[in-house]
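Undergrad: So that you have it, the file is entry.cif, and it contains mmCIF, C-alpha atoms:
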data_structure
loop_
_atom_site.label_atom_id
_atom_site.label_comp_id
_atom_site.auth_asym_id
_atom_site.auth_seq_id
_atom_site.Cartn_x
_atom_site.Cartn_y
_atom_site.Cartn_z
CA MET A 1 7.03 261.67 32.29
CA LYS A 2 5.84 258.65 34.14
CA SER A 3 7.07 258.55 37.74
CA PRO A 4 8.66 255.30 38.91
CA PRO A 5 6.36 252.93 40.79
CA ALA A 6 6.49 252.79 44.59
CA TYR A 7 8.25 249.41 44.44
CA ALA A 8 11.18 250.71 42.34
CA ASP A 9 13.25 251.33 45.46
CA ILE A 10 13.10 247.77 46.82
CA PRO A 11 16.54 246.21 46.46
CA GLY A 12 17.11 243.08 44.38
CA THR A 13 13.46 242.83 43.33
CA THR A 14 11.65 243.10 40.01
CA ILE A 15 7.88 243.35 40.08
CA PHE A 16 6.20 241.62 37.16
CA ASP A 17 3.87 244.46 36.23
CA ALA A 18 2.20 245.34 32.95
CA GLU A 19 5.40 246.79 31.52
CA MET A 20 7.49 243.71 32.32
CA ALA A 21 4.70 241.43 31.12
CA ARG A 22 4.70 243.21 27.77
CA LYS A 23 8.48 242.97 27.51
CA GLY A 24 8.58 239.33 28.48
CA TYR A 25 5.53 237.96 26.72
CA HIS A 26 7.32 235.71 24.22
CA LEU A 27 9.99 234.64 26.71
CA ASN A 28 7.31 233.60 29.19
CA GLN A 29 5.22 231.83 26.58
CA PHE A 30 8.33 229.89 25.48
CA CYS A 31 8.72 228.83 29.12
CA MET A 32 5.08 227.79 29.21
CA SER A 33 5.63 225.47 26.24
CA LEU A 34 7.97 223.45 28.49
CA MET A 35 4.94 222.22 30.42
CA LYS A 36 4.70 219.46 27.81
CA ALA A 37 7.13 216.56 28.05
CA GLU A 38 7.71 216.38 24.28
CA ASN A 39 8.60 220.08 24.20
CA ARG A 40 11.03 219.64 27.07
CA GLN A 41 12.76 216.91 25.08
CA ALA A 42 12.82 219.00 21.92
CA PHE A 43 14.26 221.97 23.81
CA LEU A 44 17.01 219.90 25.44
CA ALA A 45 17.85 218.21 22.14
CA ASP A 46 18.57 221.51 20.35
CA GLN A 47 18.11 224.54 22.56
CA ARG A 48 19.04 227.20 20.03
CA ALA A 49 16.76 225.77 17.35
CA TYR A 50 13.89 225.53 19.83
CA LEU A 51 14.37 229.12 20.98
CA ASP A 52 14.49 230.34 17.38
CA LYS A 53 10.88 229.21 16.99
CA TRP A 54 9.83 231.97 19.41
CA LYS A 55 9.67 235.72 18.81
CA MET A 56 12.12 236.37 21.61
CA THR A 57 14.87 238.99 21.46
CA GLU A 58 18.43 237.78 20.98
CA ALA A 59 19.23 238.97 24.52
CA GLN A 60 16.37 236.86 25.90
CA LYS A 61 17.60 233.82 23.98
CA GLN A 62 21.18 234.28 25.19
CA ALA A 63 19.98 234.64 28.79
CA ALA A 64 17.89 231.48 28.44
CA LEU A 65 20.82 229.51 26.99
CA ALA A 66 23.08 230.76 29.81
CA ARG A 67 20.37 230.01 32.43
CA ASP A 68 20.96 233.56 33.65
CA TYR A 69 17.74 233.96 35.63
CA ASN A 70 18.44 237.50 36.82
CA ALA A 71 19.01 238.55 33.21
CA MET A 72 15.81 236.82 32.11
CA ILE A 73 13.88 238.61 34.88
CA SER A 74 15.31 241.97 33.77
CA LEU A 75 14.13 241.12 30.24
CA GLY A 76 10.56 240.47 31.34
CA GLY A 77 10.73 236.89 32.57
CA ASN A 78 8.48 235.97 35.48
CA ILE A 79 9.79 233.53 38.04
CA TYR A 80 6.78 231.19 37.84
CA PHE A 81 7.32 230.89 34.10
CA LEU A 82 11.11 230.67 34.38
CA ALA A 83 10.55 227.78 36.78
CA LYS A 84 9.63 225.67 33.74
CA ILE A 85 13.23 226.05 32.53
CA PHE A 86 14.87 224.89 35.74
CA ALA A 87 12.27 222.15 36.09
CA THR A 88 13.29 220.98 32.61
CA ASP A 89 16.88 220.93 33.90
CA GLY A 90 15.73 218.87 36.90
CA LYS A 91 16.51 221.69 39.34
CA SER A 92 14.55 222.94 42.33
CA PHE A 93 13.25 226.37 43.30
CA GLN A 94 15.87 226.51 46.01
CA TYR A 95 18.62 225.84 43.45
CA ALA A 96 17.36 228.70 41.27
CA ALA A 97 16.95 231.05 44.23
CA ALA A 98 20.51 230.41 45.39
CA LEU A 99 21.78 231.01 41.86
CA MET A 100 19.99 234.37 41.64
CA THR A 101 21.48 235.55 44.92
CA GLY A 102 25.00 234.62 43.85
CA MET A 103 25.34 232.34 46.89
CA SER A 104 26.38 228.71 46.88
CA GLN A 105 23.56 226.20 47.38
CA GLU A 106 24.95 225.29 50.77
CA ASP A 107 25.32 228.89 51.95
CA TYR A 108 21.81 229.68 50.77
CA LEU A 109 20.40 226.60 52.51
CA GLN A 110 22.15 227.60 55.74
CA MET A 111 20.86 231.18 55.46
CA MET A 112 17.31 229.84 55.17
CA ILE A 113 17.74 227.45 58.10
CA GLY A 114 19.06 230.41 60.07
CA GLY A 115 15.79 232.27 59.47
CA GLY A 116 16.26 233.65 55.96
CA ARG A 117 17.50 236.96 54.60
CA THR A 118 16.72 239.57 57.24
CA PRO A 119 14.61 242.68 56.66
CA LYS A 120 17.44 244.79 58.11
CA GLY A 121 19.20 246.47 55.21
CA ASN A 122 16.94 244.80 52.64
CA LEU A 123 13.88 247.00 52.55
CA TYR A 124 15.15 250.06 50.67
CA LYS A 125 17.81 250.50 48.02
CA GLY A 126 20.94 252.12 49.36
CA GLU A 127 20.40 250.99 52.93
CA PRO A 128 23.57 250.00 54.76
CA ASP A 129 24.15 246.56 56.32
CA ARG A 130 22.78 244.46 53.52
CA GLY A 131 22.28 240.80 54.29
CA MET B 132 -28.81 225.28 54.48
CA ALA B 133 -25.07 225.03 53.99
CA ARG B 134 -23.11 226.37 56.94
CA LEU B 135 -19.60 227.77 57.02
CA SER B 136 -18.03 226.32 60.14
CA ALA B 137 -14.36 227.26 59.95
CA GLY B 138 -11.55 228.88 58.03
CA ILE B 139 -8.02 227.67 57.51
CA GLY B 140 -4.96 229.62 56.48
CA THR B 141 -1.92 227.78 55.22
CA SER B 142 1.16 228.19 53.09
CA HIS B 143 1.31 226.04 49.95
CA VAL B 144 5.05 225.65 49.35
CA PRO B 145 5.64 223.14 46.52
CA ALA B 146 8.66 221.57 48.23
CA ILE B 147 6.38 220.45 51.09
CA GLY B 148 4.36 218.42 48.61
CA ALA B 149 7.53 216.99 47.11
CA ALA B 150 8.83 216.03 50.58
CA LEU B 151 5.62 214.15 51.33
CA ASP B 152 5.41 212.52 47.90
CA ASN B 153 9.02 211.33 48.13
CA GLY B 154 8.68 209.88 51.63
CA ARG B 155 10.88 212.52 53.26
CA SER B 156 8.39 213.99 55.73
CA GLN B 157 10.18 212.50 58.74
CA GLU B 158 13.59 213.90 57.82
CA PRO B 159 14.87 216.47 60.33
CA TYR B 160 14.40 219.35 57.89
CA TRP B 161 10.74 218.55 57.15
CA LYS B 162 9.56 216.88 60.36
CA PRO B 163 8.76 220.10 62.28
CA ILE B 164 6.56 221.31 59.44
CA PHE B 165 4.41 218.17 59.33
CA ALA B 166 4.35 218.15 63.14
CA GLY B 167 2.87 221.65 63.02
CA TYR B 168 -0.14 220.24 61.18
CA GLU B 169 -0.67 217.20 63.40
CA TYR B 170 -3.32 218.93 65.48
CA SER B 171 -5.00 220.03 62.24
CA ARG B 172 -5.16 216.53 60.77
CA HIS B 173 -6.83 215.21 63.92
CA TRP B 174 -9.16 218.17 64.13
CA ILE B 175 -10.32 217.92 60.53
CA ALA B 176 -10.90 214.17 60.85
CA GLN B 177 -13.48 215.07 63.52
CA GLU B 178 -14.92 218.04 61.65
CA LYS B 179 -15.45 216.11 58.42
CA PRO B 180 -16.15 219.05 56.09
CA ASP B 181 -18.31 218.16 53.11
CA VAL B 182 -16.98 220.95 50.95
CA VAL B 183 -13.85 223.10 51.07
CA PHE B 184 -13.93 226.43 49.25
CA LEU B 185 -10.23 226.64 48.50
CA VAL B 186 -8.69 230.00 47.67
CA TYR B 187 -5.29 229.65 46.02
CA ASN B 188 -3.29 230.93 43.11
CA ASP B 189 -2.26 229.25 39.93
CA HIS B 190 1.51 229.49 39.30
CA ALA B 191 1.58 229.79 35.50
CA THR B 192 0.13 226.30 35.29
CA THR B 193 -3.39 226.50 33.91
CA PHE B 194 -3.20 230.23 33.23
CA SER B 195 -0.32 231.33 31.01
CA LEU B 196 -0.11 234.92 29.81
CA ASP B 197 -2.95 234.09 27.40
CA PHE B 198 -5.60 234.59 30.06
CA ILE B 199 -5.05 236.13 33.51
CA PRO B 200 -8.32 236.20 35.42
CA THR B 201 -8.19 238.16 38.66
CA PHE B 202 -10.77 235.84 40.23
CA ALA B 203 -11.61 232.45 38.69
CA ILE B 204 -13.96 229.81 40.10
CA GLY B 205 -13.71 226.13 39.22
CA CYS B 206 -17.18 224.85 38.33
CA ALA B 207 -16.26 221.40 37.02
CA ASP B 208 -17.04 218.01 38.56
CA ALA B 209 -13.35 217.14 38.84
CA PHE B 210 -9.92 218.75 38.61
CA GLN B 211 -6.73 216.91 37.65
CA PRO B 212 -3.47 217.47 39.54
CA ALA B 213 -1.28 219.41 37.10
CA ASP B 214 2.08 218.52 35.62
CA GLU B 215 4.08 221.61 36.61
CA GLY B 216 7.18 220.50 34.77
CA TRP B 217 8.33 217.85 37.26
CA GLY B 218 5.43 215.50 36.43
CA ALA B 219 2.03 215.58 38.17
CA ARG B 220 1.96 215.04 41.94
CA PRO B 221 0.82 211.51 42.86
CA VAL B 222 -2.29 212.75 44.63
CA PRO B 223 -5.97 211.93 44.10
CA VAL B 224 -8.13 213.72 41.57
CA VAL B 225 -9.87 216.66 43.20
CA GLU B 226 -13.64 216.29 43.12
CA GLY B 227 -15.55 219.52 42.70
CA HIS B 228 -19.07 220.51 43.64
CA ALA B 229 -20.45 221.85 40.39
CA GLU B 230 -23.90 222.64 41.74
CA MET B 231 -22.66 224.64 44.70
CA ALA B 232 -19.95 226.32 42.62
CA GLY B 233 -22.63 227.37 40.15
CA HIS B 234 -24.76 228.81 42.93
CA ILE B 235 -21.84 230.73 44.43
CA THR B 236 -20.87 232.05 41.00
CA GLN B 237 -24.32 233.46 40.35
CA SER B 238 -24.57 234.94 43.81
CA LEU B 239 -21.14 236.61 43.55
CA ILE B 240 -21.66 238.03 40.07
CA LEU B 241 -24.99 239.53 41.12
CA ASP B 242 -23.17 240.97 44.14
CA ASP B 243 -20.84 242.80 41.70
CA PHE B 244 -17.88 240.39 41.77
CA ASP B 245 -17.21 239.69 38.09
CA LEU B 246 -15.78 236.20 38.22
CA THR B 247 -14.25 234.16 35.44
CA ILE B 248 -15.99 230.80 35.21
CA VAL B 249 -13.60 227.92 34.55
CA ASN B 250 -14.79 224.46 33.56
CA LYS B 251 -11.41 223.00 32.69
CA LEU B 252 -8.82 223.52 35.36
CA ASP B 253 -5.75 221.48 36.25
CA VAL B 254 -4.83 222.32 39.83
CA ASP B 255 -1.23 222.91 40.86
CA HIS B 256 0.64 222.80 44.17
CA GLY B 257 -1.18 225.92 45.32
CA LEU B 258 -4.28 223.78 45.77
CA THR B 259 -2.95 220.28 46.34
CA VAL B 260 -0.27 221.03 48.96
CA PRO B 261 -2.83 222.43 51.44
CA LEU B 262 -4.95 219.30 50.91
CA SER B 263 -1.91 217.13 51.62
CA LEU B 264 -1.02 219.08 54.75
CA MET B 265 -4.55 218.77 56.14
CA PHE B 266 -5.45 215.25 54.98
CA GLY B 267 -2.13 213.45 54.54
CA GLN B 268 -2.01 210.81 51.81
CA PRO B 269 -5.50 209.29 51.45
CA ALA B 270 -6.55 207.21 48.44
CA ALA B 271 -9.25 209.81 47.77
CA TRP B 272 -9.69 213.30 49.23
CA PRO B 273 -12.40 213.08 51.92
CA CYS B 274 -14.34 216.13 50.73
CA ARG B 275 -15.39 218.05 47.66
CA VAL B 276 -13.36 221.12 46.73
CA ILE B 277 -14.37 224.31 44.96
CA PRO B 278 -11.15 225.82 43.59
CA PHE B 279 -11.00 229.60 43.58
CA ALA B 280 -7.95 231.01 41.82
CA VAL B 281 -6.68 234.54 42.43
CA ASN B 282 -4.15 236.25 40.17
CA VAL B 283 -0.97 237.01 42.07
CA VAL B 284 1.38 236.40 39.13
CA GLN B 285 1.04 239.63 37.16
CA TYR B 286 0.98 242.76 39.30
CA PRO B 287 -1.34 243.96 40.67
CA PRO B 288 -3.27 241.26 42.49
CA PRO B 289 -6.66 242.40 43.76
CA SER B 290 -6.44 244.74 46.75
CA GLY B 291 -6.75 243.49 50.31
CA ALA B 292 -10.00 245.42 50.66
CA ARG B 293 -11.45 243.77 47.56
CA CYS B 294 -10.43 240.34 48.81
CA PHE B 295 -11.98 240.97 52.21
CA ALA B 296 -15.25 242.19 50.65
CA LEU B 297 -15.26 239.19 48.34
CA GLY B 298 -14.98 236.94 51.38
CA ARG B 299 -18.12 238.50 52.82
CA ALA B 300 -19.98 237.92 49.57
CA ILE B 301 -18.80 234.30 49.49
CA ARG B 302 -20.24 233.86 52.97
CA LYS B 303 -23.60 235.15 51.84
CA ALA B 304 -23.51 232.77 48.88
CA ILE B 305 -22.61 229.75 51.02
CA ASP B 306 -25.29 230.61 53.60
CA SER B 307 -27.94 230.68 50.88
CA PHE B 308 -27.10 227.30 49.32
CA ASP B 309 -29.96 224.96 50.04
CA ALA B 310 -28.22 221.78 51.15
CA ASP B 311 -27.19 220.40 54.51
CA LEU B 312 -23.43 220.77 54.12
CA ASN B 313 -20.55 221.52 56.44
CA VAL B 314 -18.37 223.97 54.53
CA GLN B 315 -14.90 225.33 55.24
CA ILE B 316 -13.02 228.09 53.49
CA TRP B 317 -9.26 227.96 53.12
CA GLY B 318 -6.95 230.82 52.28
CA THR B 319 -3.53 229.72 51.09
CA GLY B 320 -0.13 231.09 50.08
CA GLY B 321 2.58 233.06 51.84
CA MET B 322 3.88 233.74 54.29
CA SER B 323 6.84 236.04 53.75
CA HIS B 324 9.00 234.86 50.90
CA GLN B 325 10.81 235.99 47.82
CA ILE B 326 11.94 233.53 45.18
CA GLN B 327 13.37 235.88 42.58
CA GLY B 328 16.39 238.13 42.13
CA PRO B 329 19.24 238.98 44.49
CA ARG B 330 16.83 239.46 47.45
CA ALA B 331 15.60 235.84 47.20
CA GLY B 332 15.38 234.15 50.57
CA PHE B 333 13.86 237.23 52.19
CA ILE B 334 11.87 236.37 55.34
CA ASN B 335 10.18 238.73 57.79
CA ARG B 336 9.09 236.95 60.93
CA GLU B 337 7.81 240.12 62.62
CA PHE B 338 5.63 241.00 59.64
CA ASP B 339 4.22 237.49 59.53
CA GLN B 340 3.36 237.40 63.23
CA ALA B 341 1.70 240.81 63.07
CA PHE B 342 -0.24 239.71 59.98
CA LEU B 343 -1.56 236.61 61.75
CA ASP B 344 -2.57 238.60 64.84
CA GLN B 345 -4.32 241.26 62.83
CA LEU B 346 -6.01 238.74 60.56
CA VAL B 347 -7.64 237.16 63.61
CA HIS B 348 -8.50 240.27 65.59
CA ASP B 349 -8.73 243.28 63.26
CA PRO B 350 -9.09 242.04 59.68
CA ALA B 351 -10.91 245.15 58.43
CA ALA B 352 -7.86 247.26 59.23
CA LEU B 353 -5.52 244.64 57.77
CA ALA B 354 -7.55 244.73 54.56
CA ARG B 355 -6.43 248.34 54.05
CA LYS B 356 -2.75 247.39 53.92
CA PRO B 357 -1.44 248.56 50.52
CA HIS B 358 0.39 246.21 48.17
CA ILE B 359 3.69 248.05 48.58
CA ASP B 360 3.75 247.02 52.25
CA TYR B 361 3.50 243.34 51.34
CA ILE B 362 6.06 243.52 48.55
CA ARG B 363 8.60 245.46 50.55
CA ASN B 364 8.10 243.81 53.95
CA ALA B 365 6.94 240.27 53.12
CA GLY B 366 8.92 239.75 49.90
CA ALA B 367 7.77 240.02 46.30
CA GLU B 368 5.88 236.73 46.50
CA GLY B 369 4.63 237.39 50.04
CA ILE B 370 1.80 239.33 48.42
CA GLU B 371 0.02 235.97 48.13
CA LEU B 372 -1.13 236.74 51.68
CA VAL B 373 -4.00 238.87 50.33
CA MET B 374 -5.74 235.55 49.66
CA TRP B 375 -5.99 234.92 53.40
CA LEU B 376 -8.24 237.99 53.59
CA ILE B 377 -10.82 236.27 51.38
CA MET B 378 -10.96 233.43 53.88
CA ARG B 379 -11.19 235.82 56.84
CA GLY B 380 -13.86 237.94 55.17
CA ALA B 381 -16.12 234.91 54.90
CA LEU B 382 -15.90 234.14 58.63
CA ASP B 383 -17.73 235.76 61.52
CA PRO B 384 -16.34 239.09 62.76
CA GLU B 385 -15.35 237.32 65.97
CA VAL B 386 -13.73 233.91 65.65
CA ASP B 387 -11.96 231.46 67.91
CA GLU B 388 -8.36 230.70 67.05
CA LEU B 389 -8.03 226.95 67.52
CA HIS B 390 -4.51 226.51 66.22
CA ARG B 391 -1.53 228.49 65.01
CA PHE B 392 1.77 227.30 63.60
CA TYR B 393 4.71 229.24 62.21
CA HIS B 394 8.01 227.90 60.96
CA VAL B 395 11.01 229.02 58.93
CA PRO B 396 12.03 227.66 56.46
CA ALA B 397 10.35 225.43 53.93
CA SER B 398 12.65 225.78 50.94
CA ASN B 399 12.53 229.58 50.38
CA THR B 400 9.47 230.35 52.44
CA ALA B 401 8.06 231.00 55.90
CA VAL B 402 5.24 228.57 56.66
CA GLY B 403 2.16 229.90 58.44
CA HIS B 404 -0.98 228.08 59.46
CA LEU B 405 -4.16 229.08 61.30
CA ILE B 406 -7.43 227.39 62.13
CA LEU B 407 -10.28 229.79 62.87
CA LYS B 408 -13.66 228.58 64.06
CA ASN B 409 -16.84 230.52 63.52
CA ARG B 410 -18.75 231.37 66.69
CA SER B 411 -22.17 231.40 65.06
CA PRO B 412 -24.07 228.14 65.59
CA SER B 413 -23.14 225.55 63.01
#
Could you show the structure in this file as structure tokens?
TA:
Amino acid sequence: MKSPPAYADIPGTTIFDAEMARKGYHLNQFCMSLMKAENRQAFLADQRAYLDKWKMTEAQKQAALARDYNAMISLGGNIYFLAKIFATDGKSFQYAAALMTGMSQEDYLQMMIGGGRTPKGNLYKGEPDRG
Amino acid sequence: MARLSAGIGTSHVPAIGAALDNGRSQEPYWKPIFAGYEYSRHWIAQEKPDVVFLVYNDHATTFSLDFIPTFAIGCADAFQPADEGWGARPVPVVEGHAEMAGHITQSLILDDFDLTIVNKLDVDHGLTVPLSLMFGQPAAWPCRVIPFAVNVVQYPPPSGARCFALGRAIRKAIDSFDADLNVQIWGTGGMSHQIQGPRAGFINREFDQAFLDQLVHDPAALARKPHIDYIRNAGAEGIELVMWLIMRGALDPEVDELHRFYHVPASNTAVGHLILKNRSPS
């Protein structure tokens, strides 16, 4: 049995390692296609049809349609690739980050202005005093 | 001979570029960040580097999952600002130094650093935001740039020790280039930040300060820091900081710290900036 990597006990964090890269290859390459303006238009015109051109799993397609970034990450998506989706939607990194934390944009913005999410309670899974 | 006069460390947050491009640099949110580089803009106008060896990472822009080079050197005459999905930044084309890049490539490969040679490379915010922070908004960048891309997208990035050793080899390569050039090396990325998952927004001021101190005064020890320490304590994307060790490795063992700036936040990220001057005659 393979033992879990050292970073498995970091809360709220998925490391894009070889295993995730294998899982997410087609999802990430779909994202990469959105670097071209004509592909962005084609995707927005008929999202399902565009996704069906890629060898993605149904779960990956559903997560992409729902813009569920945490789900896409758990299915092998890498944030720098997923950024092409929210860029296509005209959204910023801060918008996407707030979404993934479950916070409102405003609350997230205020947390960052206040110095960001603190290390206390956020270094190891199961630590008390999260946030 | 070419001489390496100084090293610069800086974050390369994309939102900083967007703020500048959209004329928002004097807004209260952004103003302190640009103010933190005011000294640097004056300093570099005096220094007038001929060439900047610019260590950065590509963010799934030029390199998709098709090719993921750990170390890639840009050997072209020019590099276009990339369209990262929002349209290309309105910044000048980046002029390379093909001859010097070729020399450094040969020197590094023969020193056992197996580089990927790239002749077509669109450069993203990782490279252009540092140029904007240091030079503002000129019609043309005032120096040549050799882009050096490090993989930090798919785990694992190269180790801190490898980056530090690479820096030393880069120094040797620069020192042996037969041309009267003032060269700087920049290490970019970081500081602490995480832009994915429920822990997004993670910032660790203490880690960042300790990193900056150790980078200046005890880089060989810092180079032994394992990846897990960065990921856990500086955020998943904070691991970009290993690129600063390439810059530091190229400098003299003892350097003078001319300037330091630290600020939270820029979008999701802690901004760090250092100017280190070599003590050897230049």
Undergrad: Please, which residues in stretch 315-371 of chain B fall within 10 Å of stretch 64-71 of chain A when counting only C-alpha atoms, and what is the closest atom pair and distance in Å to one decimal for each, ordered by chain then residue number, as a tab-separated table?
TA:
residue	atom	partner	partner_atom	distance
B:Gln327	CA	A:Asn70	CA	7.8
B:Gly328	CA	A:Asn70	CA	5.7
B:Pro329	CA	A:Asn70	CA	7.9
Undergrad: Please measure the separation of atom CA of B:Asp208 and atom CA of B:Leu312, giving the value in Å to one decimal.
TA: 17.0 Å
Undergrad: For each of B:Ser398, B:Asn250, B:Ser307, B:Ser156, take the minimum atom-to-atom distance to B:Met132, counting only C-alpha atoms, then give the residue where this is smallest.
TA: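 For B:Met132, the nearest of the candidates is B:Ser307.
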Undergrad: Find the residues in chain B near chain A: any atom within 8 Å counts, using all atoms listed in the file. Write them as a ChimeraX atom specification.
TA: /B:190-192,195-196,214-217,284-287,326-335,359,362-364,367,395-396,398-399
Undergrad: Write the residues of the preceding selection, restricted to C-alpha atoms, as a short mmCIF file (atom, residue, chain, number, x, y, z; two decimals), in the coordinates of the input.
TA:
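Result file is part.cif:
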data_model
loop_
_atom_site.label_atom_id
_atom_site.label_comp_id
_atom_site.auth_asym_id
_atom_site.auth_seq_id
_atom_site.Cartn_x
_atom_site.Cartn_y
_atom_site.Cartn_z
CA HIS B 190 1.51 229.49 39.30
CA ALA B 191 1.58 229.79 35.50
CA THR B 192 0.13 226.30 35.29
CA SER B 195 -0.32 231.33 31.01
CA LEU B 196 -0.11 234.92 29.81
CA ASP B 214 2.08 218.52 35.62
CA GLU B 215 4.08 221.61 36.61
CA GLY B 216 7.18 220.50 34.77
CA TRP B 217 8.33 217.85 37.26
CA VAL B 284 1.38 236.40 39.13
CA GLN B 285 1.04 239.63 37.16
CA TYR B 286 0.98 242.76 39.30
CA PRO B 287 -1.34 243.96 40.67
CA ILE B 326 11.94 233.53 45.18
CA GLN B 327 13.37 235.88 42.58
CA GLY B 328 16.39 238.13 42.13
CA PRO B 329 19.24 238.98 44.49
CA ARG B 330 16.83 239.46 47.45
CA ALA B 331 15.60 235.84 47.20
CA GLY B 332 15.38 234.15 50.57
CA PHE B 333 13.86 237.23 52.19
CA ILE B 334 11.87 236.37 55.34
CA ASN B 335 10.18 238.73 57.79
CA ILE B 359 3.69 248.05 48.58
CA ILE B 362 6.06 243.52 48.55
CA ARG B 363 8.60 245.46 50.55
CA ASN B 364 8.10 243.81 53.95
CA ALA B 367 7.77 240.02 46.30
CA VAL B 395 11.01 229.02 58.93
CA PRO B 396 12.03 227.66 56.46
CA SER B 398 12.65 225.78 50.94
CA ASN B 399 12.53 229.58 50.38
#
Undergrad: So what does the PyMOL selection byres ((chain B and resi 374) around 7) actually pick up in this one, as a PDB file with C-alpha atoms, keeping the file's coordinate frame?
TA:
ATOM      1  CA  VAL B 186      -8.690 230.000  47.670  1.00  0.00           C
ATOM      2  CA  TYR B 187      -5.290 229.650  46.020  1.00  0.00           C
ATOM      3  CA  CYS B 294     -10.430 240.340  48.810  1.00  0.00           C
ATOM      4  CA  GLY B 318      -6.950 230.820  52.280  1.00  0.00           C
ATOM      5  CA  THR B 319      -3.530 229.720  51.090  1.00  0.00           C
ATOM      6  CA  GLU B 371       0.020 235.970  48.130  1.00  0.00           C
ATOM      7  CA  LEU B 372      -1.130 236.740  51.680  1.00  0.00           C
ATOM      8  CA  VAL B 373      -4.000 238.870  50.330  1.00  0.00           C
ATOM      9  CA  TRP B 375      -5.990 234.920  53.400  1.00  0.00           C
ATOM     10  CA  LEU B 376      -8.240 237.990  53.590  1.00  0.00           C
ATOM     11  CA  ILE B 377     -10.820 236.270  51.380  1.00  0.00           C
TER      12      ILE B 377
END
Undergrad: Report the distance between atom CA of B:Ala381 and atom CA of B:Asn409 in Å, rounded to one decimal place.
TA: 9.7 Å
Undergrad: Rank A:Leu44, A:Gly76, A:Gln110, A:Leu27 by their smallest atom-to-atom distance to A:Lys61, using all atoms listed in the file, and report the top residue only.
TA: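 Distance minimum relative to A:Lys61 lands on A:Leu27.
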Undergrad: Atom CA of B:Thr400 to atom CA of B:His358: how many Å, to one decimal?
TA: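 Atom-to-atom, atom CA of B:Thr400 and atom CA of B:His358 are spaced 18.8 Å apart.
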Undergrad: Using the chain letters and numbers from this file, what does the PyMOL selection byres ((chain B and resi 138) around 8) select? Give the answer as an MDAnalysis selection string.
TA: chainID B and resid 136:137 139:140 315:318 378:379 382 406:409
Undergrad: Check which residues satisfy the PyMOL selection byres ((chain B and resi 301) around 9) in the file shown, then give them as a list in words.
TA: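 When the PyMOL selection byres ((chain B and resi 301) around 9) is applied to the shown file, the picked residues are Ile235, Ser238, Leu239, Ala296, Leu297, Gly298, Arg299, Ala300, Arg302, Lys303, Ala304, Ile305, Asp306, Ile377, Gly380 and Ala381 of chain B.
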Undergrad: Using only C-alpha atoms, which protein or nucleic acid residues come within 10 Å of B:Leu353? Drop anything in the same chain fewer than 3 positions from it, and give the result as a list in words.
TA: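 My reading of the contact set: Gly291, Ala292, Phe295, Ala341, Phe342, Leu343, Asp344, Gln345, Leu346, Val347, His348, Asp349, Pro350, Lys356, Pro357, Val373 and Leu376 of chain B.
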Undergrad: Nearest to B:Glu226: which of B:Pro261, B:Val276, B:Pro180, B:Leu246 is it, counting all atoms listed in the file?
TA: B:Val276
Undergrad: Taking N, CA and C atoms as the atom set, what does stretch 358-368 of chain B look like once completed, written as a PDB file, in the coordinates of the input?
TA:
ATOM      1  N   HIS B 358      -0.498 247.229  48.748  1.00  0.00           N
ATOM      2  CA  HIS B 358       0.390 246.210  48.170  1.00  0.00           C
ATOM      3  C   HIS B 358       1.864 246.468  48.443  1.00  0.00           C
ATOM      4  N   ILE B 359       2.261 247.740  48.402  1.00  0.00           N
ATOM      5  CA  ILE B 359       3.690 248.050  48.580  1.00  0.00           C
ATOM      6  C   ILE B 359       4.202 247.528  49.928  1.00  0.00           C
ATOM      7  N   ASP B 360       3.329 247.523  50.935  1.00  0.00           N
ATOM      8  CA  ASP B 360       3.750 247.020  52.250  1.00  0.00           C
ATOM      9  C   ASP B 360       4.043 245.527  52.212  1.00  0.00           C
ATOM     10  N   TYR B 361       3.235 244.782  51.471  1.00  0.00           N
ATOM     11  CA  TYR B 361       3.500 243.340  51.340  1.00  0.00           C
ATOM     12  C   TYR B 361       4.799 243.110  50.573  1.00  0.00           C
ATOM     13  N   ILE B 362       4.906 243.776  49.419  1.00  0.00           N
ATOM     14  CA  ILE B 362       6.060 243.520  48.550  1.00  0.00           C
ATOM     15  C   ILE B 362       7.365 243.868  49.250  1.00  0.00           C
ATOM     16  N   ARG B 363       7.374 245.020  49.894  1.00  0.00           N
ATOM     17  CA  ARG B 363       8.600 245.460  50.550  1.00  0.00           C
ATOM     18  C   ARG B 363       8.903 244.603  51.789  1.00  0.00           C
ATOM     19  N   ASN B 364       7.865 244.378  52.611  1.00  0.00           N
ATOM     20  CA  ASN B 364       8.100 243.810  53.950  1.00  0.00           C
ATOM     21  C   ASN B 364       7.877 242.301  54.047  1.00  0.00           C
ATOM     22  N   ALA B 365       7.180 241.721  53.065  1.00  0.00           N
ATOM     23  CA  ALA B 365       6.940 240.270  53.120  1.00  0.00           C
ATOM     24  C   ALA B 365       7.577 239.566  51.916  1.00  0.00           C
ATOM     25  N   GLY B 366       8.293 240.338  51.088  1.00  0.00           N
ATOM     26  CA  GLY B 366       8.920 239.750  49.900  1.00  0.00           C
ATOM     27  C   GLY B 366       7.983 239.824  48.709  1.00  0.00           C
ATOM     28  N   ALA B 367       8.569 239.824  47.518  1.00  0.00           N
ATOM     29  CA  ALA B 367       7.770 240.020  46.300  1.00  0.00           C
ATOM     30  C   ALA B 367       6.640 239.002  46.210  1.00  0.00           C
ATOM     31  N   GLU B 368       6.911 237.767  46.609  1.00  0.00           N
ATOM     32  CA  GLU B 368       5.880 236.730  46.500  1.00  0.00           C
ATOM     33  C   GLU B 368       5.026 236.625  47.773  1.00  0.00           C
TER      34      GLU B 368
END
